[in-house]
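**Q** Below are the structure tokens for one structure; questions will follow.
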Amino acid sequence: MASLPFSILIFGGTGIIGKHITRAILSAQVSPGHSISIFTSDATLSNPDKEALLSSWKSQGLRVVAGDINNAQDVSRAYEGVDVVVSCLGRNTLTVQTELIRLAEESKSVKWFFPSEYGTDIEYDASSKDEKPHQNKLKVREFIRNNIRSVQCTYLVTGPYIDMYLTLLPGLEAIGGYDARSKKAVLINSGEDAVGFTSMPDVGKLLVAALRNPSEAKGKVLKVQSFVTTPLEILREFEKKTGVEWTTDYTPIQALRDLEKQLWDGNNPLATAATLRRIWAEGRTLYEKTDNEKLGLAPGDMETLGEVVGRAII
Ligand SMILES: NC(=O)c1ccc[n+]([C@@H]2O[C@H](COP(=O)([O-])OP(=O)(O)OC[C@H]3O[C@@H](n4cnc5c(N)ncnc54)[C@H](OP(=O)(O)O)[C@@H]3O)[C@@H](O)[C@H]2O)c1
């Protein structure tokens with residue numbers, strides 16, 4: 001497939017989803033005269049856990065720019081000659097993006113910016129604006145709507161990562177999930193409410209597909225996913241693959257709502273996870289049609305439930 005005709009700079013490139021996005025962009029390659037860079041901190045560069053990853057990426061042509069995302073000079077310098085910025089910053093640094101986008105608008109070269117989204121649809125319906133975990137991403141979108149004129153932004157809305165959904169959060173098992181070791185599952189309600197998921201490798205694939213289709217992607221909120229399934233179908237897939245019946249508990253949606261409130265009232269950082277699980281269980285990941293096709297991706301191009309469950313039991 002043709003290489004990408006851009007110079008791309010990635011923020012948060014070694015993060016949980018950033019790794020998959022950086023990997024996919026590096027695999028797609030950029031055409032001669034262009035470059036792929038990540039902007040990262042000295043802390044990441046001196047992190048022994050990230051050393052092997054960074055040196056393997058560098059051998060594939062990745063440029064590494066060290067700097068502080070809060071330092072305008074560092075950021076503006078990194079933008080020189082860059083056409084596309086892909087932000088994969090984590091939840092704790094989402095609001096920094098307003099300044100990063102403002103500096104992109106000020107730069108002479110940046111034309112296209114992907115703010116860090118890659119998750120739950122923060123403008124799904126009228127209820128979305130009141131959901132606590134959405135507030136920082138909503139602020140970023142509002143800033144862009146009110147202030148950004150020349151840089152085009154694309155929001156890649158992927159819904160929950162199936163890979164993360166396949167685990168149980170210790171101490172918070174009631175919000176739902178699966179534990180392949182103890183063969184235990186917790187389902188919300190009867191487990192029959194459909195959810196639209198994306199696998200983490202597919203997030204990278206979908207981002208590259210957006211870069212390959214600028215006319216469909218620029219200035220858009222893209223709703224994409226790997227597949228739709230139910231928590232019960234996921235359980236059946238685990239049981240098929242492990243050859244045994246799992247122990248299953250059920251959390252009624254009202255119990256999840258009560259737990260969510262209790263966690264927010266106690267300022268527990270896990271409250272975000274409970275809210276997102278409730279939003280997903282309530283059906284706010286479902287669309288009549290996704291934008292996959294517009295990006296040139298057919299169902300066969302996406303990972304399947306069988307593949308991701310297979311990975312989870314290794
Ligand atoms: N759909 C889902 O189920 C789901 C799940 C998780 C996250 N998400 C979304 O995915 C996006 C990325 O989240 P993530 O979990 O992948 O992020 P993360 O791993 O927590 O952080 C990503 C990167 O942000 C940078 N960063 C974090 N704190 C920083 C700081 N104080 N100063 C400078 N840089 C900092 C680091 O960049 P370097 O690599 O350069 O050091 C880090 O690797 C978010 O929008 C999040 O909401 C979605």
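Ordering of the structure tokens sets the chain letters (A, B, ...); residue numbers start at 1 within each chain; ligands are numbered from 1 in the order shown.
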What do you get as a PDB file with C-alpha atoms, in the first residue's frame if you pick all residues at most 9 Å from ligand 1, counting only C-alpha atoms and all ligand atoms?

**A**
ATOM      1  CA  ILE A  10       2.947  11.941  17.794  1.00  0.00           C
ATOM      2  CA  PHE A  11       2.407  13.022  21.416  1.00  0.00           C
ATOM      3  CA  GLY A  12       2.091  10.206  23.961  1.00  0.00           C
ATOM      4  CA  GLY A  13       3.491   7.739  21.458  1.00  0.00           C
ATOM      5  CA  THR A  14       4.754   5.249  24.044  1.00  0.00           C
ATOM      6  CA  GLY A  15       1.526   5.243  26.067  1.00  0.00           C
ATOM      7  CA  ILE A  16      -1.076   2.496  26.325  1.00  0.00           C
ATOM      8  CA  ILE A  17      -2.821   3.310  23.038  1.00  0.00           C
ATOM      9  CA  GLY A  18      -0.003   5.499  21.692  1.00  0.00           C
ATOM     10  CA  LYS A  19       2.144   2.381  21.263  1.00  0.00           C
ATOM     11  CA  ILE A  38       7.367  11.237  18.651  1.00  0.00           C
ATOM     12  CA  PHE A  39       7.539  14.086  21.122  1.00  0.00           C
ATOM     13  CA  THR A  40       8.365  12.657  24.501  1.00  0.00           C
ATOM     14  CA  SER A  41       9.702  13.587  27.913  1.00  0.00           C
ATOM     15  CA  ASP A  42      13.144  12.985  29.379  1.00  0.00           C
ATOM     16  CA  ALA A  43      11.387  10.765  31.944  1.00  0.00           C
ATOM     17  CA  THR A  44      10.210   8.413  29.197  1.00  0.00           C
ATOM     18  CA  LEU A  45      13.594   8.482  27.480  1.00  0.00           C
ATOM     19  CA  LYS A  50      10.696   1.814  27.291  1.00  0.00           C
ATOM     20  CA  ALA A  66      12.686  15.249  23.700  1.00  0.00           C
ATOM     21  CA  GLY A  67      10.843  18.096  25.362  1.00  0.00           C
ATOM     22  CA  ASP A  68       8.240  19.297  27.794  1.00  0.00           C
ATOM     23  CA  ILE A  69       4.640  19.426  26.525  1.00  0.00           C
ATOM     24  CA  ASN A  70       4.094  22.478  28.748  1.00  0.00           C
ATOM     25  CA  SER A  87      -2.082  13.265  20.148  1.00  0.00           C
ATOM     26  CA  CYS A  88      -2.304  10.106  22.255  1.00  0.00           C
ATOM     27  CA  LEU A  89      -1.928  11.924  25.577  1.00  0.00           C
ATOM     28  CA  GLY A  90      -3.427  10.248  28.633  1.00  0.00           C
ATOM     29  CA  ARG A  91      -6.420  11.387  30.678  1.00  0.00           C
ATOM     30  CA  ASN A  92      -4.204  13.366  33.099  1.00  0.00           C
ATOM     31  CA  THR A  93      -2.881  15.654  30.334  1.00  0.00           C
ATOM     32  CA  LEU A  94      -5.910  16.092  28.061  1.00  0.00           C
ATOM     33  CA  PRO A 115      -6.800  15.225  19.589  1.00  0.00           C
ATOM     34  CA  SER A 116      -6.559  12.322  22.029  1.00  0.00           C
ATOM     35  CA  GLU A 117      -9.956  10.586  21.963  1.00  0.00           C
ATOM     36  CA  TYR A 118      -9.869   6.884  20.970  1.00  0.00           C
ATOM     37  CA  GLY A 119     -12.700   6.006  23.322  1.00  0.00           C
ATOM     38  CA  THR A 120     -16.300   6.521  24.366  1.00  0.00           C
ATOM     39  CA  PRO A 133     -15.231  11.433  32.511  1.00  0.00           C
ATOM     40  CA  HIS A 134     -16.101  13.331  29.306  1.00  0.00           C
ATOM     41  CA  LYS A 137     -12.391  15.988  26.120  1.00  0.00           C
ATOM     42  CA  VAL A 157     -14.141   7.614  18.440  1.00  0.00           C
ATOM     43  CA  THR A 158     -13.479   3.911  18.937  1.00  0.00           C
ATOM     44  CA  GLY A 159     -15.630   2.947  21.916  1.00  0.00           C
ATOM     45  CA  PRO A 160     -14.117   0.691  24.583  1.00  0.00           C
ATOM     46  CA  TYR A 161     -10.993  -1.353  23.925  1.00  0.00           C
ATOM     47  CA  ILE A 162     -12.072  -4.967  23.943  1.00  0.00           C
ATOM     48  CA  ASP A 163      -8.570  -5.951  25.167  1.00  0.00           C
ATOM     49  CA  MET A 164      -9.119  -3.995  28.401  1.00  0.00           C
ATOM     50  CA  TYR A 165     -12.722  -5.122  28.787  1.00  0.00           C
ATOM     51  CA  PHE A 197     -15.726  -2.490  20.739  1.00  0.00           C
ATOM     52  CA  THR A 198     -12.389  -1.784  19.088  1.00  0.00           C
ATOM     53  CA  SER A 199      -9.238  -3.793  19.685  1.00  0.00           C
ATOM     54  CA  MET A 200      -6.112  -1.817  20.498  1.00  0.00           C
ATOM     55  CA  LEU A 276     -17.730   4.240  31.406  1.00  0.00           C
TER      56      LEU A 276
END

**Q** What's the 8 Å shell around Gly177 of chain A, counting only C-alpha atoms, without same-chain residues fewer than 6 positions away, as a PDB file with all heavy atoms, in the first residue's frame?

**A**
ATOM      1  N   TYR A 165     -11.426  -4.664  28.254  1.00  0.00           N
ATOM      2  CA  TYR A 165     -12.722  -5.122  28.787  1.00  0.00           C
ATOM      3  C   TYR A 165     -12.625  -6.572  29.281  1.00  0.00           C
ATOM      4  O   TYR A 165     -13.426  -7.009  30.099  1.00  0.00           O
ATOM      5  CB  TYR A 165     -13.752  -5.024  27.656  1.00  0.00           C
ATOM      6  CG  TYR A 165     -15.191  -5.138  28.078  1.00  0.00           C
ATOM      7  CD1 TYR A 165     -15.893  -4.035  28.549  1.00  0.00           C
ATOM      8  CD2 TYR A 165     -15.870  -6.356  27.987  1.00  0.00           C
ATOM      9  CE1 TYR A 165     -17.225  -4.133  28.919  1.00  0.00           C
ATOM     10  CE2 TYR A 165     -17.203  -6.453  28.353  1.00  0.00           C
ATOM     11  CZ  TYR A 165     -17.870  -5.340  28.821  1.00  0.00           C
ATOM     12  OH  TYR A 165     -19.188  -5.435  29.177  1.00  0.00           O
ATOM     13  N   LEU A 166     -11.619  -7.301  28.788  1.00  0.00           N
ATOM     14  CA  LEU A 166     -11.518  -8.731  29.099  1.00  0.00           C
ATOM     15  C   LEU A 166     -10.804  -9.023  30.409  1.00  0.00           C
ATOM     16  O   LEU A 166     -10.308 -10.121  30.627  1.00  0.00           O
ATOM     17  CB  LEU A 166     -10.800  -9.463  27.946  1.00  0.00           C
ATOM     18  CG  LEU A 166     -11.490  -9.355  26.584  1.00  0.00           C
ATOM     19  CD1 LEU A 166     -10.757 -10.173  25.535  1.00  0.00           C
ATOM     20  CD2 LEU A 166     -12.953  -9.786  26.674  1.00  0.00           C
ATOM     21  N   THR A 167     -10.722  -8.017  31.278  1.00  0.00           N
ATOM     22  CA  THR A 167     -10.094  -8.240  32.581  1.00  0.00           C
ATOM     23  C   THR A 167     -11.069  -7.802  33.675  1.00  0.00           C
ATOM     24  O   THR A 167     -12.028  -7.084  33.411  1.00  0.00           O
ATOM     25  CB  THR A 167      -8.806  -7.389  32.720  1.00  0.00           C
ATOM     26  OG1 THR A 167      -9.162  -6.028  32.507  1.00  0.00           O
ATOM     27  CG2 THR A 167      -7.755  -7.804  31.709  1.00  0.00           C
ATOM     28  N   LEU A 168     -10.767  -8.254  34.898  1.00  0.00           N
ATOM     29  CA  LEU A 168     -11.550  -7.804  36.062  1.00  0.00           C
ATOM     30  C   LEU A 168     -10.679  -6.844  36.846  1.00  0.00           C
ATOM     31  O   LEU A 168      -9.502  -7.140  37.092  1.00  0.00           O
ATOM     32  CB  LEU A 168     -11.903  -8.999  36.951  1.00  0.00           C
ATOM     33  CG  LEU A 168     -13.074  -9.882  36.518  1.00  0.00           C
ATOM     34  CD1 LEU A 168     -13.189 -11.089  37.449  1.00  0.00           C
ATOM     35  CD2 LEU A 168     -14.395  -9.111  36.507  1.00  0.00           C
ATOM     36  N   LEU A 169     -11.229  -5.699  37.209  1.00  0.00           N
ATOM     37  CA  LEU A 169     -10.451  -4.740  38.001  1.00  0.00           C
ATOM     38  C   LEU A 169     -10.446  -5.187  39.465  1.00  0.00           C
ATOM     39  O   LEU A 169     -11.523  -5.274  40.080  1.00  0.00           O
ATOM     40  CB  LEU A 169     -11.109  -3.364  37.923  1.00  0.00           C
ATOM     41  CG  LEU A 169     -10.478  -2.292  37.049  1.00  0.00           C
ATOM     42  CD1 LEU A 169     -11.268  -0.990  37.134  1.00  0.00           C
ATOM     43  CD2 LEU A 169      -9.037  -2.059  37.429  1.00  0.00           C
ATOM     44  N   ALA A 185     -16.375 -14.673  35.440  1.00  0.00           N
ATOM     45  CA  ALA A 185     -16.861 -13.508  34.695  1.00  0.00           C
ATOM     46  C   ALA A 185     -17.906 -12.778  35.519  1.00  0.00           C
ATOM     47  O   ALA A 185     -18.605 -13.386  36.336  1.00  0.00           O
ATOM     48  CB  ALA A 185     -17.483 -13.951  33.368  1.00  0.00           C
ATOM     49  N   VAL A 186     -17.977 -11.462  35.312  1.00  0.00           N
ATOM     50  CA  VAL A 186     -19.055 -10.672  35.914  1.00  0.00           C
ATOM     51  C   VAL A 186     -19.727  -9.915  34.766  1.00  0.00           C
ATOM     52  O   VAL A 186     -19.057  -9.188  34.022  1.00  0.00           O
ATOM     53  CB  VAL A 186     -18.516  -9.680  36.975  1.00  0.00           C
ATOM     54  CG1 VAL A 186     -19.666  -8.883  37.581  1.00  0.00           C
ATOM     55  CG2 VAL A 186     -17.738 -10.410  38.070  1.00  0.00           C
ATOM     56  N   LEU A 187     -21.022 -10.135  34.599  1.00  0.00           N
ATOM     57  CA  LEU A 187     -21.759  -9.517  33.497  1.00  0.00           C
ATOM     58  C   LEU A 187     -22.745  -8.492  34.051  1.00  0.00           C
ATOM     59  O   LEU A 187     -23.305  -8.678  35.135  1.00  0.00           O
ATOM     60  CB  LEU A 187     -22.535 -10.581  32.705  1.00  0.00           C
ATOM     61  CG  LEU A 187     -21.760 -11.830  32.256  1.00  0.00           C
ATOM     62  CD1 LEU A 187     -22.652 -12.705  31.370  1.00  0.00           C
ATOM     63  CD2 LEU A 187     -20.491 -11.468  31.499  1.00  0.00           C
TER      64      LEU A 187
END

**Q** Could you write out, as a PyMOL selection string, all the residues of segment 225-283 of chain A that DSSP marks as helix (DSSP H, G or I)?

**A** chain A and resi 231-242+253-265+271-281

**Q** Those selected residues, please, written with N, CA and C atoms and delivered as an mmCIF file, in the first residue's frame.

**A**
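Listing of result-v5.cif after writing:
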data_model
loop_
_atom_site.group_PDB
_atom_site.id
_atom_site.type_symbol
_atom_site.label_atom_id
_atom_site.label_comp_id
_atom_site.auth_asym_id
_atom_site.auth_seq_id
_atom_site.Cartn_x
_atom_site.Cartn_y
_atom_site.Cartn_z
ATOM 1 N N PRO A 231 -21.666 -9.041 26.278
ATOM 2 C CA PRO A 231 -20.839 -9.662 27.322
ATOM 3 C C PRO A 231 -21.058 -11.181 27.404
ATOM 4 N N LEU A 232 -22.297 -11.617 27.125
ATOM 5 C CA LEU A 232 -22.586 -13.057 27.181
ATOM 6 C C LEU A 232 -21.882 -13.803 26.046
ATOM 7 N N GLU A 233 -21.878 -13.194 24.858
ATOM 8 C CA GLU A 233 -21.159 -13.836 23.730
ATOM 9 C C GLU A 233 -19.658 -13.908 24.025
ATOM 10 N N ILE A 234 -19.141 -12.896 24.699
ATOM 11 C CA ILE A 234 -17.712 -12.924 25.061
ATOM 12 C C ILE A 234 -17.465 -14.094 26.009
ATOM 13 N N LEU A 235 -18.371 -14.251 27.008
ATOM 14 C CA LEU A 235 -18.243 -15.362 27.957
ATOM 15 C C LEU A 235 -18.274 -16.705 27.220
ATOM 16 N N ARG A 236 -19.200 -16.852 26.280
ATOM 17 C CA ARG A 236 -19.303 -18.108 25.512
ATOM 18 C C ARG A 236 -18.005 -18.381 24.748
ATOM 19 N N GLU A 237 -17.400 -17.313 24.226
ATOM 20 C CA GLU A 237 -16.145 -17.474 23.474
ATOM 21 C C GLU A 237 -15.019 -17.936 24.414
ATOM 22 N N PHE A 238 -14.974 -17.360 25.611
ATOM 23 C CA PHE A 238 -13.977 -17.795 26.602
ATOM 24 C C PHE A 238 -14.214 -19.263 26.955
ATOM 25 N N GLU A 239 -15.479 -19.633 27.177
ATOM 26 C CA GLU A 239 -15.789 -21.014 27.575
ATOM 27 C C GLU A 239 -15.430 -21.987 26.445
ATOM 28 N N LYS A 240 -15.707 -21.563 25.210
ATOM 29 C CA LYS A 240 -15.368 -22.426 24.064
ATOM 30 C C LYS A 240 -13.849 -22.626 24.008
ATOM 31 N N LYS A 241 -13.124 -21.554 24.178
ATOM 32 C CA LYS A 241 -11.664 -21.625 24.019
ATOM 33 C C LYS A 241 -10.989 -22.329 25.193
ATOM 34 N N THR A 242 -11.571 -22.224 26.411
ATOM 35 C CA THR A 242 -10.933 -22.866 27.574
ATOM 36 C C THR A 242 -11.522 -24.252 27.823
ATOM 37 N N ILE A 253 -27.899 -3.311 36.476
ATOM 38 C CA ILE A 253 -27.449 -1.970 36.102
ATOM 39 C C ILE A 253 -27.658 -0.968 37.247
ATOM 40 N N GLN A 254 -28.735 -1.142 38.022
ATOM 41 C CA GLN A 254 -28.965 -0.207 39.123
ATOM 42 C C GLN A 254 -27.862 -0.349 40.182
ATOM 43 N N ALA A 255 -27.397 -1.572 40.409
ATOM 44 C CA ALA A 255 -26.302 -1.777 41.376
ATOM 45 C C ALA A 255 -25.032 -1.109 40.862
ATOM 46 N N LEU A 256 -24.814 -1.161 39.541
ATOM 47 C CA LEU A 256 -23.642 -0.491 38.950
ATOM 48 C C LEU A 256 -23.767 1.028 39.141
ATOM 49 N N ARG A 257 -24.990 1.545 38.926
ATOM 50 C CA ARG A 257 -25.199 3.002 39.116
ATOM 51 C C ARG A 257 -24.937 3.398 40.574
ATOM 52 N N ASP A 258 -25.401 2.562 41.515
ATOM 53 C CA ASP A 258 -25.196 2.866 42.944
ATOM 54 C C ASP A 258 -23.703 2.850 43.288
ATOM 55 N N LEU A 259 -23.007 1.851 42.767
ATOM 56 C CA LEU A 259 -21.567 1.738 43.022
ATOM 57 C C LEU A 259 -20.834 2.950 42.441
ATOM 58 N N GLU A 260 -21.233 3.321 41.236
ATOM 59 C CA GLU A 260 -20.631 4.477 40.554
ATOM 60 C C GLU A 260 -20.774 5.734 41.424
ATOM 61 N N LYS A 261 -21.963 5.951 41.957
ATOM 62 C CA LYS A 261 -22.214 7.144 42.773
ATOM 63 C C LYS A 261 -21.336 7.117 44.030
ATOM 64 N N GLN A 262 -21.283 5.932 44.633
ATOM 65 C CA GLN A 262 -20.479 5.767 45.854
ATOM 66 C C GLN A 262 -18.998 6.078 45.570
ATOM 67 N N LEU A 263 -18.494 5.640 44.419
ATOM 68 C CA LEU A 263 -17.086 5.881 44.073
ATOM 69 C C LEU A 263 -16.831 7.368 43.824
ATOM 70 N N TRP A 264 -17.751 8.036 43.112
ATOM 71 C CA TRP A 264 -17.581 9.483 42.878
ATOM 72 C C TRP A 264 -17.676 10.233 44.198
ATOM 73 N N ASP A 265 -18.641 9.846 45.054
ATOM 74 C CA ASP A 265 -18.801 10.524 46.346
ATOM 75 C C ASP A 265 -17.538 10.383 47.193
ATOM 76 N N ALA A 271 -13.809 5.640 39.862
ATOM 77 C CA ALA A 271 -15.181 6.030 39.491
ATOM 78 C C ALA A 271 -15.323 6.169 37.976
ATOM 79 N N THR A 272 -14.264 6.672 37.330
ATOM 80 C CA THR A 272 -14.299 6.842 35.868
ATOM 81 C C THR A 272 -14.608 5.509 35.191
ATOM 82 N N ALA A 273 -13.936 4.455 35.640
ATOM 83 C CA ALA A 273 -14.143 3.126 35.031
ATOM 84 C C ALA A 273 -15.588 2.681 35.204
ATOM 85 N N ALA A 274 -16.160 2.939 36.388
ATOM 86 C CA ALA A 274 -17.542 2.523 36.656
ATOM 87 C C ALA A 274 -18.510 3.296 35.750
ATOM 88 N N THR A 275 -18.262 4.600 35.592
ATOM 89 C CA THR A 275 -19.154 5.396 34.728
ATOM 90 C C THR A 275 -19.080 4.901 33.287
ATOM 91 N N LEU A 276 -17.860 4.677 32.805
ATOM 92 C CA LEU A 276 -17.730 4.240 31.406
ATOM 93 C C LEU A 276 -18.413 2.888 31.191
ATOM 94 N N ARG A 277 -18.237 1.958 32.138
ATOM 95 C CA ARG A 277 -18.900 0.632 32.008
ATOM 96 C C ARG A 277 -20.422 0.803 31.957
ATOM 97 N N ARG A 278 -20.936 1.728 32.770
ATOM 98 C CA ARG A 278 -22.389 1.965 32.775
ATOM 99 C C ARG A 278 -22.842 2.537 31.429
ATOM 100 N N ILE A 279 -22.066 3.499 30.903
ATOM 101 C CA ILE A 279 -22.420 4.104 29.601
ATOM 102 C C ILE A 279 -22.432 3.026 28.507
ATOM 103 N N TRP A 280 -21.428 2.161 28.531
ATOM 104 C CA TRP A 280 -21.349 1.098 27.508
ATOM 105 C C TRP A 280 -22.529 0.128 27.646
ATOM 106 N N ALA A 281 -22.846 -0.222 28.906
ATOM 107 C CA ALA A 281 -23.945 -1.173 29.131
ATOM 108 C C ALA A 281 -25.291 -0.573 28.713
#

**Q** Smallest atom-to-atom distance to Ile175 of chain A: which of A:Thr251, A:Thr98, A:Ser127, A:Asn267, using only C-alpha atoms?

**A** A:Thr251

**Q** With only C-alpha atoms as the basis for distance, which of A:Tyr287, A:Tyr178, A:Phe143, A:Trp57 is at the shortest distance from Val228 of chain A?

**A**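 Result for the nearest residue to Val228 of chain A: A:Tyr287.
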